[in-house]
Amino acid sequence: MTSMDILEHFEENCCVMRYTTASQLWNIISPREFVDFSYTVGHKEGLLSCGISLDWSEKRPEFVRGYNHPCGWFCVPLKDNANQSLLTGYIQTDLRGMIPQSAVDTAMASTLINFYEDLRRALKKA
């Protein structure tokens, strides 16, 4: 992910967000943008975040508009170590465009690895 912007804020836990990604695999896969409705709420001791892509009228020509089917992220503290949490994500992304499936598989795997590495670094700084 190269950027994340809130486009519209409805209430405390509810907004429309735009995420962008860089090109991948030596520009075989063009940069993508996703515009998602997002809702995040505390649940027990953790967080639940869910979302789905929207048909947002504003499109930027330098990006291909991807689509996220209904998705969710759950973050809950570990019972035996409250200083650590378990993050579970359920995603189904359609990158759209004309991309060979093998390129999609490779790009998605590396993108998810980078996401978790970036998240780990950010949490260590916090």
# chains A, B, ... in the order shown; residues from 1 in each chain; ligands from 1
>>> closest_atom_pairs(of="stretch 18-55 of chain A", to="stretch 90-112 of chain A", cutoff="10 Å", atoms="only C-alpha atoms", output="CSV")
residue,atom,partner,partner_atom,distance
A:Thr21,CA,A:Thr111,CA,8.9
A:Ala22,CA,A:Thr111,CA,9.8
A:Ser23,CA,A:Ala107,CA,9.5
A:Gln24,CA,A:Ala107,CA,6.5
A:Leu25,CA,A:Ala107,CA,7.1
A:Ile28,CA,A:Ile99,CA,7.9
A:Ile29,CA,A:Ile99,CA,7.0
A:Ser30,CA,A:Gly97,CA,8.9
A:Pro31,CA,A:Leu95,CA,9.8
A:Arg32,CA,A:Leu95,CA,7.4
A:Glu33,CA,A:Leu95,CA,9.1
A:Phe34,CA,A:Leu95,CA,9.1
A:Cys50,CA,A:Tyr90,CA,9.2
A:Gly51,CA,A:Ile91,CA,9.5
A:Ile52,CA,A:Ile91,CA,9.7
A:Ser53,CA,A:Thr93,CA,9.5
>>> atom_distance(atom1="atom CA of A:Thr20", atom2="atom CA of A:Phe115")
12.5 Å
>>> residues_around(residues="A:Leu87", least_positions_apart="2", cutoff="8 Å", atoms="only C-alpha atoms", output="PyMOL selection string")
chain A and resi 73-76+85+89
>>> select_by_dssp(residues="stretch 1-85 of chain A", states="strand (DSSP E or B)", output="mmCIF file with N, CA, C and O atoms, in the first residue's frame")
data_model
loop_
_atom_site.group_PDB
_atom_site.id
_atom_site.type_symbol
_atom_site.label_atom_id
_atom_site.label_comp_id
_atom_site.auth_asym_id
_atom_site.auth_seq_id
_atom_site.Cartn_x
_atom_site.Cartn_y
_atom_site.Cartn_z
ATOM 1 N N SER A 3 -0.568 4.551 -0.271
ATOM 2 C CA SER A 3 -1.275 5.648 0.383
ATOM 3 C C SER A 3 -2.627 5.167 0.878
ATOM 4 O O SER A 3 -3.172 4.170 0.405
ATOM 5 N N MET A 4 -3.148 5.919 1.851
ATOM 6 C CA MET A 4 -4.467 5.647 2.397
ATOM 7 C C MET A 4 -5.056 6.999 2.797
ATOM 8 O O MET A 4 -4.478 7.715 3.610
ATOM 9 N N ASP A 5 -6.181 7.361 2.188
ATOM 10 C CA ASP A 5 -6.817 8.646 2.454
ATOM 11 C C ASP A 5 -8.282 8.441 2.805
ATOM 12 O O ASP A 5 -8.954 7.599 2.204
ATOM 13 N N ILE A 6 -8.772 9.230 3.749
ATOM 14 C CA ILE A 6 -10.199 9.230 4.051
ATOM 15 C C ILE A 6 -10.864 10.230 3.107
ATOM 16 O O ILE A 6 -10.525 11.414 3.110
ATOM 17 N N LEU A 7 -11.785 9.750 2.281
ATOM 18 C CA LEU A 7 -12.479 10.604 1.319
ATOM 19 C C LEU A 7 -13.737 11.227 1.911
ATOM 20 O O LEU A 7 -14.106 12.338 1.556
ATOM 21 N N GLU A 8 -14.407 10.478 2.763
ATOM 22 C CA GLU A 8 -15.632 10.966 3.387
ATOM 23 C C GLU A 8 -15.770 10.304 4.752
ATOM 24 O O GLU A 8 -15.562 9.102 4.885
ATOM 25 N N HIS A 9 -16.093 11.114 5.750
ATOM 26 C CA HIS A 9 -16.227 10.611 7.115
ATOM 27 C C HIS A 9 -17.689 10.753 7.528
ATOM 28 O O HIS A 9 -18.242 11.846 7.495
ATOM 29 N N PHE A 10 -18.332 9.641 7.893
ATOM 30 C CA PHE A 10 -19.752 9.672 8.233
ATOM 31 C C PHE A 10 -19.984 9.842 9.725
ATOM 32 O O PHE A 10 -20.786 10.627 10.155
ATOM 33 N N GLU A 11 -19.327 9.046 10.528
ATOM 34 C CA GLU A 11 -19.410 9.124 11.976
ATOM 35 C C GLU A 11 -18.141 8.528 12.542
ATOM 36 O O GLU A 11 -17.215 8.215 11.788
ATOM 37 N N CYS A 14 -16.993 5.105 10.858
ATOM 38 C CA CYS A 14 -17.527 4.808 9.535
ATOM 39 C C CYS A 14 -17.015 5.835 8.526
ATOM 40 O O CYS A 14 -17.195 7.045 8.727
ATOM 41 N N CYS A 15 -16.387 5.358 7.429
ATOM 42 C CA CYS A 15 -15.853 6.298 6.444
ATOM 43 C C CYS A 15 -15.677 5.616 5.084
ATOM 44 O O CYS A 15 -15.818 4.405 4.948
ATOM 45 N N VAL A 16 -15.361 6.436 4.094
ATOM 46 C CA VAL A 16 -14.961 5.961 2.768
ATOM 47 C C VAL A 16 -13.476 6.247 2.643
ATOM 48 O O VAL A 16 -13.032 7.374 2.886
ATOM 49 N N MET A 17 -12.703 5.206 2.295
ATOM 50 C CA MET A 17 -11.254 5.334 2.210
ATOM 51 C C MET A 17 -10.757 4.962 0.822
ATOM 52 O O MET A 17 -11.333 4.107 0.167
ATOM 53 N N ARG A 18 -9.680 5.639 0.424
ATOM 54 C CA ARG A 18 -9.016 5.288 -0.839
ATOM 55 C C ARG A 18 -7.621 4.761 -0.497
ATOM 56 O O ARG A 18 -6.868 5.398 0.216
ATOM 57 N N TYR A 19 -7.313 3.569 -1.011
ATOM 58 C CA TYR A 19 -6.001 2.945 -0.851
ATOM 59 C C TYR A 19 -5.368 2.883 -2.228
ATOM 60 O O TYR A 19 -6.048 2.615 -3.213
ATOM 61 N N THR A 20 -4.073 3.104 -2.299
ATOM 62 C CA THR A 20 -3.377 2.927 -3.572
ATOM 63 C C THR A 20 -2.213 1.961 -3.377
ATOM 64 O O THR A 20 -1.684 1.810 -2.276
ATOM 65 N N THR A 21 -1.851 1.299 -4.473
ATOM 66 C CA THR A 21 -0.696 0.411 -4.485
ATOM 67 C C THR A 21 0.209 0.807 -5.640
ATOM 68 O O THR A 21 -0.243 1.385 -6.633
ATOM 69 N N GLN A 24 3.626 -3.364 -9.898
ATOM 70 C CA GLN A 24 4.289 -4.571 -9.423
ATOM 71 C C GLN A 24 4.877 -5.335 -10.601
ATOM 72 O O GLN A 24 4.459 -5.157 -11.740
ATOM 73 N N ILE A 29 1.978 -5.209 -13.680
ATOM 74 C CA ILE A 29 0.723 -4.856 -13.023
ATOM 75 C C ILE A 29 0.767 -3.366 -12.713
ATOM 76 O O ILE A 29 1.637 -2.895 -11.979
ATOM 77 N N ARG A 32 -2.737 0.378 -8.615
ATOM 78 C CA ARG A 32 -4.169 0.198 -8.375
ATOM 79 C C ARG A 32 -4.648 1.168 -7.311
ATOM 80 O O ARG A 32 -3.876 1.599 -6.453
ATOM 81 N N GLU A 33 -5.944 1.487 -7.386
ATOM 82 C CA GLU A 33 -6.586 2.195 -6.296
ATOM 83 C C GLU A 33 -7.877 1.460 -5.957
ATOM 84 O O GLU A 33 -8.510 0.856 -6.821
ATOM 85 N N PHE A 34 -8.201 1.496 -4.686
ATOM 86 C CA PHE A 34 -9.419 0.874 -4.166
ATOM 87 C C PHE A 34 -10.146 1.922 -3.355
ATOM 88 O O PHE A 34 -9.524 2.631 -2.556
ATOM 89 N N VAL A 35 -11.452 2.050 -3.547
ATOM 90 C CA VAL A 35 -12.263 2.954 -2.743
ATOM 91 C C VAL A 35 -13.267 2.091 -1.998
ATOM 92 O O VAL A 35 -14.115 1.445 -2.609
ATOM 93 N N ASP A 36 -13.113 2.074 -0.672
ATOM 94 C CA ASP A 36 -13.893 1.160 0.160
ATOM 95 C C ASP A 36 -14.693 1.907 1.221
ATOM 96 O O ASP A 36 -14.206 2.882 1.805
ATOM 97 N N PHE A 37 -15.881 1.405 1.485
ATOM 98 C CA PHE A 37 -16.618 1.777 2.684
ATOM 99 C C PHE A 37 -15.998 0.965 3.813
ATOM 100 O O PHE A 37 -15.792 -0.244 3.676
ATOM 101 N N SER A 38 -15.684 1.601 4.927
ATOM 102 C CA SER A 38 -15.023 0.920 6.030
ATOM 103 C C SER A 38 -15.738 1.216 7.343
ATOM 104 O O SER A 38 -16.110 2.356 7.609
ATOM 105 N N TYR A 39 -15.921 0.177 8.135
ATOM 106 C CA TYR A 39 -16.526 0.316 9.463
ATOM 107 C C TYR A 39 -15.667 -0.440 10.459
ATOM 108 O O TYR A 39 -15.380 -1.621 10.261
ATOM 109 N N THR A 40 -15.209 0.250 11.499
ATOM 110 C CA THR A 40 -14.347 -0.354 12.508
ATOM 111 C C THR A 40 -14.956 -0.117 13.882
ATOM 112 O O THR A 40 -15.389 0.989 14.193
ATOM 113 N N VAL A 41 -14.956 -1.159 14.692
ATOM 114 C CA VAL A 41 -15.565 -1.066 16.016
ATOM 115 C C VAL A 41 -14.788 -1.937 16.992
ATOM 116 O O VAL A 41 -14.223 -2.965 16.605
ATOM 117 N N GLY A 42 -14.747 -1.492 18.246
ATOM 118 C CA GLY A 42 -14.179 -2.325 19.295
ATOM 119 C C GLY A 42 -15.102 -3.504 19.560
ATOM 120 O O GLY A 42 -16.327 -3.359 19.548
ATOM 121 N N HIS A 43 -14.523 -4.674 19.750
ATOM 122 C CA HIS A 43 -15.317 -5.862 20.053
ATOM 123 C C HIS A 43 -14.605 -6.644 21.143
ATOM 124 O O HIS A 43 -13.476 -7.097 20.935
ATOM 125 N N GLY A 46 -10.784 -6.552 21.540
ATOM 126 C CA GLY A 46 -10.107 -6.355 20.263
ATOM 127 C C GLY A 46 -10.817 -5.376 19.352
ATOM 128 O O GLY A 46 -11.606 -4.545 19.786
ATOM 129 N N LEU A 47 -10.515 -5.484 18.070
ATOM 130 C CA LEU A 47 -11.109 -4.640 17.034
ATOM 131 C C LEU A 47 -11.658 -5.510 15.915
ATOM 132 O O LEU A 47 -11.092 -6.546 15.583
ATOM 133 N N LEU A 48 -12.727 -5.049 15.326
ATOM 134 C CA LEU A 48 -13.311 -5.668 14.145
ATOM 135 C C LEU A 48 -13.430 -4.572 13.097
ATOM 136 O O LEU A 48 -13.972 -3.499 13.364
ATOM 137 N N SER A 49 -12.902 -4.808 11.926
ATOM 138 C CA SER A 49 -12.995 -3.847 10.833
ATOM 139 C C SER A 49 -13.512 -4.585 9.600
ATOM 140 O O SER A 49 -13.025 -5.665 9.262
ATOM 141 N N CYS A 50 -14.511 -4.027 8.951
ATOM 142 C CA CYS A 50 -15.044 -4.663 7.751
ATOM 143 C C CYS A 50 -15.216 -3.605 6.665
ATOM 144 O O CYS A 50 -15.270 -2.410 6.937
ATOM 145 N N GLY A 51 -15.284 -4.057 5.432
ATOM 146 C CA GLY A 51 -15.414 -3.120 4.331
ATOM 147 C C GLY A 51 -15.818 -3.791 3.044
ATOM 148 O O GLY A 51 -15.845 -5.020 2.932
ATOM 149 N N ILE A 52 -16.113 -2.939 2.080
ATOM 150 C CA ILE A 52 -16.453 -3.377 0.727
ATOM 151 C C ILE A 52 -16.187 -2.204 -0.211
ATOM 152 O O ILE A 52 -16.366 -1.041 0.159
ATOM 153 N N SER A 53 -15.756 -2.490 -1.423
ATOM 154 C CA SER A 53 -15.507 -1.428 -2.390
ATOM 155 C C SER A 53 -16.803 -0.783 -2.848
ATOM 156 O O SER A 53 -17.865 -1.414 -2.879
ATOM 157 N N VAL A 64 -5.542 1.853 -12.032
ATOM 158 C CA VAL A 64 -6.623 0.948 -12.407
ATOM 159 C C VAL A 64 -7.447 0.749 -11.140
ATOM 160 O O VAL A 64 -6.890 0.519 -10.062
ATOM 161 N N ARG A 65 -8.763 0.864 -11.241
ATOM 162 C CA ARG A 65 -9.631 0.725 -10.072
ATOM 163 C C ARG A 65 -9.856 -0.749 -9.766
ATOM 164 O O ARG A 65 -10.455 -1.480 -10.543
ATOM 165 N N TYR A 67 -11.226 -3.835 -6.963
ATOM 166 C CA TYR A 67 -12.465 -4.027 -6.217
ATOM 167 C C TYR A 67 -12.232 -5.020 -5.080
ATOM 168 O O TYR A 67 -11.702 -6.108 -5.297
ATOM 169 N N ASN A 68 -12.613 -4.629 -3.883
ATOM 170 C CA ASN A 68 -12.572 -5.517 -2.722
ATOM 171 C C ASN A 68 -13.989 -6.005 -2.440
ATOM 172 O O ASN A 68 -14.879 -5.205 -2.155
ATOM 173 N N CYS A 71 -15.003 -7.807 3.069
ATOM 174 C CA CYS A 71 -13.793 -8.279 3.737
ATOM 175 C C CYS A 71 -13.827 -7.883 5.209
ATOM 176 O O CYS A 71 -14.630 -7.042 5.616
ATOM 177 N N GLY A 72 -12.965 -8.480 5.973
ATOM 178 C CA GLY A 72 -12.925 -8.160 7.388
ATOM 179 C C GLY A 72 -11.573 -8.453 8.002
ATOM 180 O O GLY A 72 -10.838 -9.322 7.537
ATOM 181 N N TRP A 73 -11.245 -7.683 9.019
ATOM 182 C CA TRP A 73 -10.024 -7.854 9.794
ATOM 183 C C TRP A 73 -10.417 -7.940 11.260
ATOM 184 O O TRP A 73 -11.221 -7.137 11.744
ATOM 185 N N PHE A 74 -9.843 -8.893 11.956
ATOM 186 C CA PHE A 74 -10.102 -9.077 13.376
ATOM 187 C C PHE A 74 -8.765 -9.030 14.104
ATOM 188 O O PHE A 74 -7.835 -9.740 13.727
ATOM 189 N N CYS A 75 -8.682 -8.209 15.127
ATOM 190 C CA CYS A 75 -7.461 -8.104 15.919
ATOM 191 C C CYS A 75 -7.838 -8.298 17.375
ATOM 192 O O CYS A 75 -8.596 -7.508 17.937
ATOM 193 N N VAL A 76 -7.335 -9.361 17.974
ATOM 194 C CA VAL A 76 -7.661 -9.670 19.364
ATOM 195 C C VAL A 76 -6.379 -9.999 20.124
ATOM 196 O O VAL A 76 -5.465 -10.626 19.580
ATOM 197 N N PRO A 77 -6.299 -9.557 21.387
ATOM 198 C CA PRO A 77 -5.109 -9.880 22.180
ATOM 199 C C PRO A 77 -5.042 -11.381 22.464
ATOM 200 O O PRO A 77 -6.073 -12.042 22.607
ATOM 201 N N LEU A 78 -3.822 -11.892 22.544
ATOM 202 C CA LEU A 78 -3.636 -13.302 22.885
ATOM 203 C C LEU A 78 -3.962 -13.503 24.366
ATOM 204 O O LEU A 78 -3.593 -12.678 25.201
ATOM 205 N N ASN A 81 -0.746 -13.883 26.451
ATOM 206 C CA ASN A 81 0.218 -12.783 26.382
ATOM 207 C C ASN A 81 -0.511 -11.529 25.896
ATOM 208 O O ASN A 81 -0.639 -11.311 24.694
ATOM 209 N N ALA A 82 -0.946 -10.699 26.820
ATOM 210 C CA ALA A 82 -1.732 -9.509 26.473
ATOM 211 C C ALA A 82 -0.925 -8.472 25.695
ATOM 212 O O ALA A 82 -1.500 -7.543 25.131
ATOM 213 N N ASN A 83 0.405 -8.618 25.641
ATOM 214 C CA ASN A 83 1.234 -7.689 24.872
ATOM 215 C C ASN A 83 1.286 -8.032 23.390
ATOM 216 O O ASN A 83 1.889 -7.306 22.617
ATOM 217 N N GLN A 84 0.679 -9.142 23.010
ATOM 218 C CA GLN A 84 0.645 -9.559 21.611
ATOM 219 C C GLN A 84 -0.794 -9.785 21.179
ATOM 220 O O GLN A 84 -1.650 -10.122 21.990
ATOM 221 N N SER A 85 -1.030 -9.577 19.895
ATOM 222 C CA SER A 85 -2.376 -9.770 19.346
ATOM 223 C C SER A 85 -2.324 -10.671 18.135
ATOM 224 O O SER A 85 -1.289 -10.795 17.473
#
>>> decode(residues="stretch 103-118 of chain A", atoms="all heavy atoms", output="mmCIF file, in the first residue's frame")
data_model
loop_
_atom_site.group_PDB
_atom_site.id
_atom_site.type_symbol
_atom_site.label_atom_id
_atom_site.label_comp_id
_atom_site.auth_asym_id
_atom_site.auth_seq_id
_atom_site.Cartn_x
_atom_site.Cartn_y
_atom_site.Cartn_z
ATOM 1 N N ALA A 103 0.580 -13.899 -12.527
ATOM 2 C CA ALA A 103 1.082 -12.599 -12.081
ATOM 3 C C ALA A 103 0.274 -12.091 -10.892
ATOM 4 O O ALA A 103 0.822 -11.527 -9.943
ATOM 5 C CB ALA A 103 1.034 -11.585 -13.229
ATOM 6 N N VAL A 104 -1.037 -12.298 -10.919
ATOM 7 C CA VAL A 104 -1.891 -11.903 -9.796
ATOM 8 C C VAL A 104 -1.470 -12.653 -8.538
ATOM 9 O O VAL A 104 -1.303 -12.058 -7.466
ATOM 10 C CB VAL A 104 -3.385 -12.173 -10.109
ATOM 11 C CG1 VAL A 104 -4.239 -11.970 -8.868
ATOM 12 C CG2 VAL A 104 -3.862 -11.283 -11.243
ATOM 13 N N ASP A 105 -1.291 -13.965 -8.648
ATOM 14 C CA ASP A 105 -0.915 -14.777 -7.489
ATOM 15 C C ASP A 105 0.409 -14.303 -6.892
ATOM 16 O O ASP A 105 0.549 -14.172 -5.674
ATOM 17 C CB ASP A 105 -0.819 -16.251 -7.870
ATOM 18 C CG ASP A 105 -2.164 -16.835 -8.271
ATOM 19 O OD1 ASP A 105 -3.210 -16.227 -7.958
ATOM 20 O OD2 ASP A 105 -2.168 -17.909 -8.905
ATOM 21 N N THR A 106 1.385 -14.040 -7.737
ATOM 22 C CA THR A 106 2.688 -13.576 -7.273
ATOM 23 C C THR A 106 2.578 -12.210 -6.618
ATOM 24 O O THR A 106 3.126 -11.979 -5.535
ATOM 25 C CB THR A 106 3.684 -13.520 -8.454
ATOM 26 O OG1 THR A 106 3.805 -14.821 -9.015
ATOM 27 C CG2 THR A 106 5.042 -13.019 -8.012
ATOM 28 N N ALA A 107 1.861 -11.297 -7.267
ATOM 29 C CA ALA A 107 1.732 -9.940 -6.732
ATOM 30 C C ALA A 107 0.980 -9.925 -5.408
ATOM 31 O O ALA A 107 1.370 -9.228 -4.470
ATOM 32 C CB ALA A 107 1.029 -9.042 -7.748
ATOM 33 N N MET A 108 -0.103 -10.693 -5.314
ATOM 34 C CA MET A 108 -0.888 -10.712 -4.075
ATOM 35 C C MET A 108 -0.062 -11.284 -2.925
ATOM 36 O O MET A 108 -0.098 -10.754 -1.813
ATOM 37 C CB MET A 108 -2.175 -11.517 -4.260
ATOM 38 C CG MET A 108 -3.197 -10.822 -5.128
ATOM 39 S SD MET A 108 -3.732 -9.223 -4.504
ATOM 40 C CE MET A 108 -4.605 -9.711 -3.033
ATOM 41 N N ALA A 109 0.685 -12.316 -3.177
ATOM 42 C CA ALA A 109 1.507 -12.910 -2.115
ATOM 43 C C ALA A 109 2.543 -11.908 -1.613
ATOM 44 O O ALA A 109 2.688 -11.703 -0.404
ATOM 45 C CB ALA A 109 2.188 -14.179 -2.628
ATOM 46 N N SER A 110 3.249 -11.256 -2.519
ATOM 47 C CA SER A 110 4.276 -10.301 -2.086
ATOM 48 C C SER A 110 3.651 -9.074 -1.430
ATOM 49 O O SER A 110 4.197 -8.521 -0.477
ATOM 50 C CB SER A 110 5.176 -9.905 -3.257
ATOM 51 O OG SER A 110 4.447 -9.202 -4.235
ATOM 52 N N THR A 111 2.478 -8.641 -1.908
ATOM 53 C CA THR A 111 1.799 -7.492 -1.311
ATOM 54 C C THR A 111 1.385 -7.785 0.122
ATOM 55 O O THR A 111 1.561 -6.949 1.014
ATOM 56 C CB THR A 111 0.569 -7.098 -2.154
ATOM 57 O OG1 THR A 111 1.022 -6.700 -3.454
ATOM 58 C CG2 THR A 111 -0.197 -5.958 -1.527
ATOM 59 N N LEU A 112 0.854 -8.971 0.365
ATOM 60 C CA LEU A 112 0.445 -9.324 1.726
ATOM 61 C C LEU A 112 1.651 -9.450 2.655
ATOM 62 O O LEU A 112 1.613 -9.003 3.804
ATOM 63 C CB LEU A 112 -0.363 -10.618 1.722
ATOM 64 C CG LEU A 112 -1.786 -10.470 1.192
ATOM 65 C CD1 LEU A 112 -2.450 -11.839 1.061
ATOM 66 C CD2 LEU A 112 -2.609 -9.572 2.095
ATOM 67 N N ILE A 113 2.735 -10.018 2.171
ATOM 68 C CA ILE A 113 3.952 -10.114 2.985
ATOM 69 C C ILE A 113 4.443 -8.715 3.338
ATOM 70 O O ILE A 113 4.748 -8.421 4.503
ATOM 71 C CB ILE A 113 5.042 -10.924 2.254
ATOM 72 C CG1 ILE A 113 4.642 -12.396 2.192
ATOM 73 C CG2 ILE A 113 6.403 -10.757 2.925
ATOM 74 C CD1 ILE A 113 5.487 -13.225 1.252
ATOM 75 N N ASN A 114 4.489 -7.820 2.353
ATOM 76 C CA ASN A 114 4.929 -6.446 2.609
ATOM 77 C C ASN A 114 3.997 -5.737 3.580
ATOM 78 O O ASN A 114 4.446 -4.980 4.442
ATOM 79 C CB ASN A 114 5.032 -5.658 1.305
ATOM 80 C CG ASN A 114 6.166 -6.130 0.428
ATOM 81 O OD1 ASN A 114 7.117 -6.749 0.899
ATOM 82 N ND2 ASN A 114 6.056 -5.860 -0.856
ATOM 83 N N PHE A 115 2.696 -5.960 3.455
ATOM 84 C CA PHE A 115 1.726 -5.332 4.348
ATOM 85 C C PHE A 115 2.013 -5.719 5.794
ATOM 86 O O PHE A 115 2.084 -4.869 6.684
ATOM 87 C CB PHE A 115 0.297 -5.741 3.970
ATOM 88 C CG PHE A 115 -0.724 -5.356 5.007
ATOM 89 C CD1 PHE A 115 -1.168 -4.047 5.100
ATOM 90 C CD2 PHE A 115 -1.223 -6.305 5.888
ATOM 91 C CE1 PHE A 115 -2.105 -3.675 6.063
ATOM 92 C CE2 PHE A 115 -2.158 -5.953 6.853
ATOM 93 C CZ PHE A 115 -2.598 -4.638 6.941
ATOM 94 N N TYR A 116 2.189 -7.011 6.050
ATOM 95 C CA TYR A 116 2.438 -7.463 7.418
ATOM 96 C C TYR A 116 3.796 -6.990 7.938
ATOM 97 O O TYR A 116 3.935 -6.644 9.110
ATOM 98 C CB TYR A 116 2.294 -8.980 7.533
ATOM 99 C CG TYR A 116 0.854 -9.418 7.535
ATOM 100 C CD1 TYR A 116 0.299 -10.081 6.449
ATOM 101 C CD2 TYR A 116 0.025 -9.145 8.618
ATOM 102 C CE1 TYR A 116 -1.037 -10.468 6.449
ATOM 103 C CE2 TYR A 116 -1.307 -9.526 8.633
ATOM 104 C CZ TYR A 116 -1.827 -10.190 7.546
ATOM 105 O OH TYR A 116 -3.147 -10.553 7.550
ATOM 106 N N GLU A 117 4.807 -6.934 7.083
ATOM 107 C CA GLU A 117 6.110 -6.413 7.509
ATOM 108 C C GLU A 117 6.014 -4.933 7.849
ATOM 109 O O GLU A 117 6.557 -4.483 8.864
ATOM 110 C CB GLU A 117 7.161 -6.651 6.417
ATOM 111 C CG GLU A 117 7.566 -8.107 6.283
ATOM 112 C CD GLU A 117 8.481 -8.368 5.100
ATOM 113 O OE1 GLU A 117 8.661 -7.465 4.249
ATOM 114 O OE2 GLU A 117 9.022 -9.484 5.021
ATOM 115 N N ASP A 118 5.316 -4.156 7.024
ATOM 116 C CA ASP A 118 5.130 -2.724 7.295
ATOM 117 C C ASP A 118 4.336 -2.513 8.578
ATOM 118 O O ASP A 118 4.645 -1.626 9.376
ATOM 119 C CB ASP A 118 4.424 -2.027 6.125
ATOM 120 C CG ASP A 118 5.280 -1.936 4.875
ATOM 121 O OD1 ASP A 118 6.514 -2.151 4.968
ATOM 122 O OD2 ASP A 118 4.709 -1.659 3.798
#
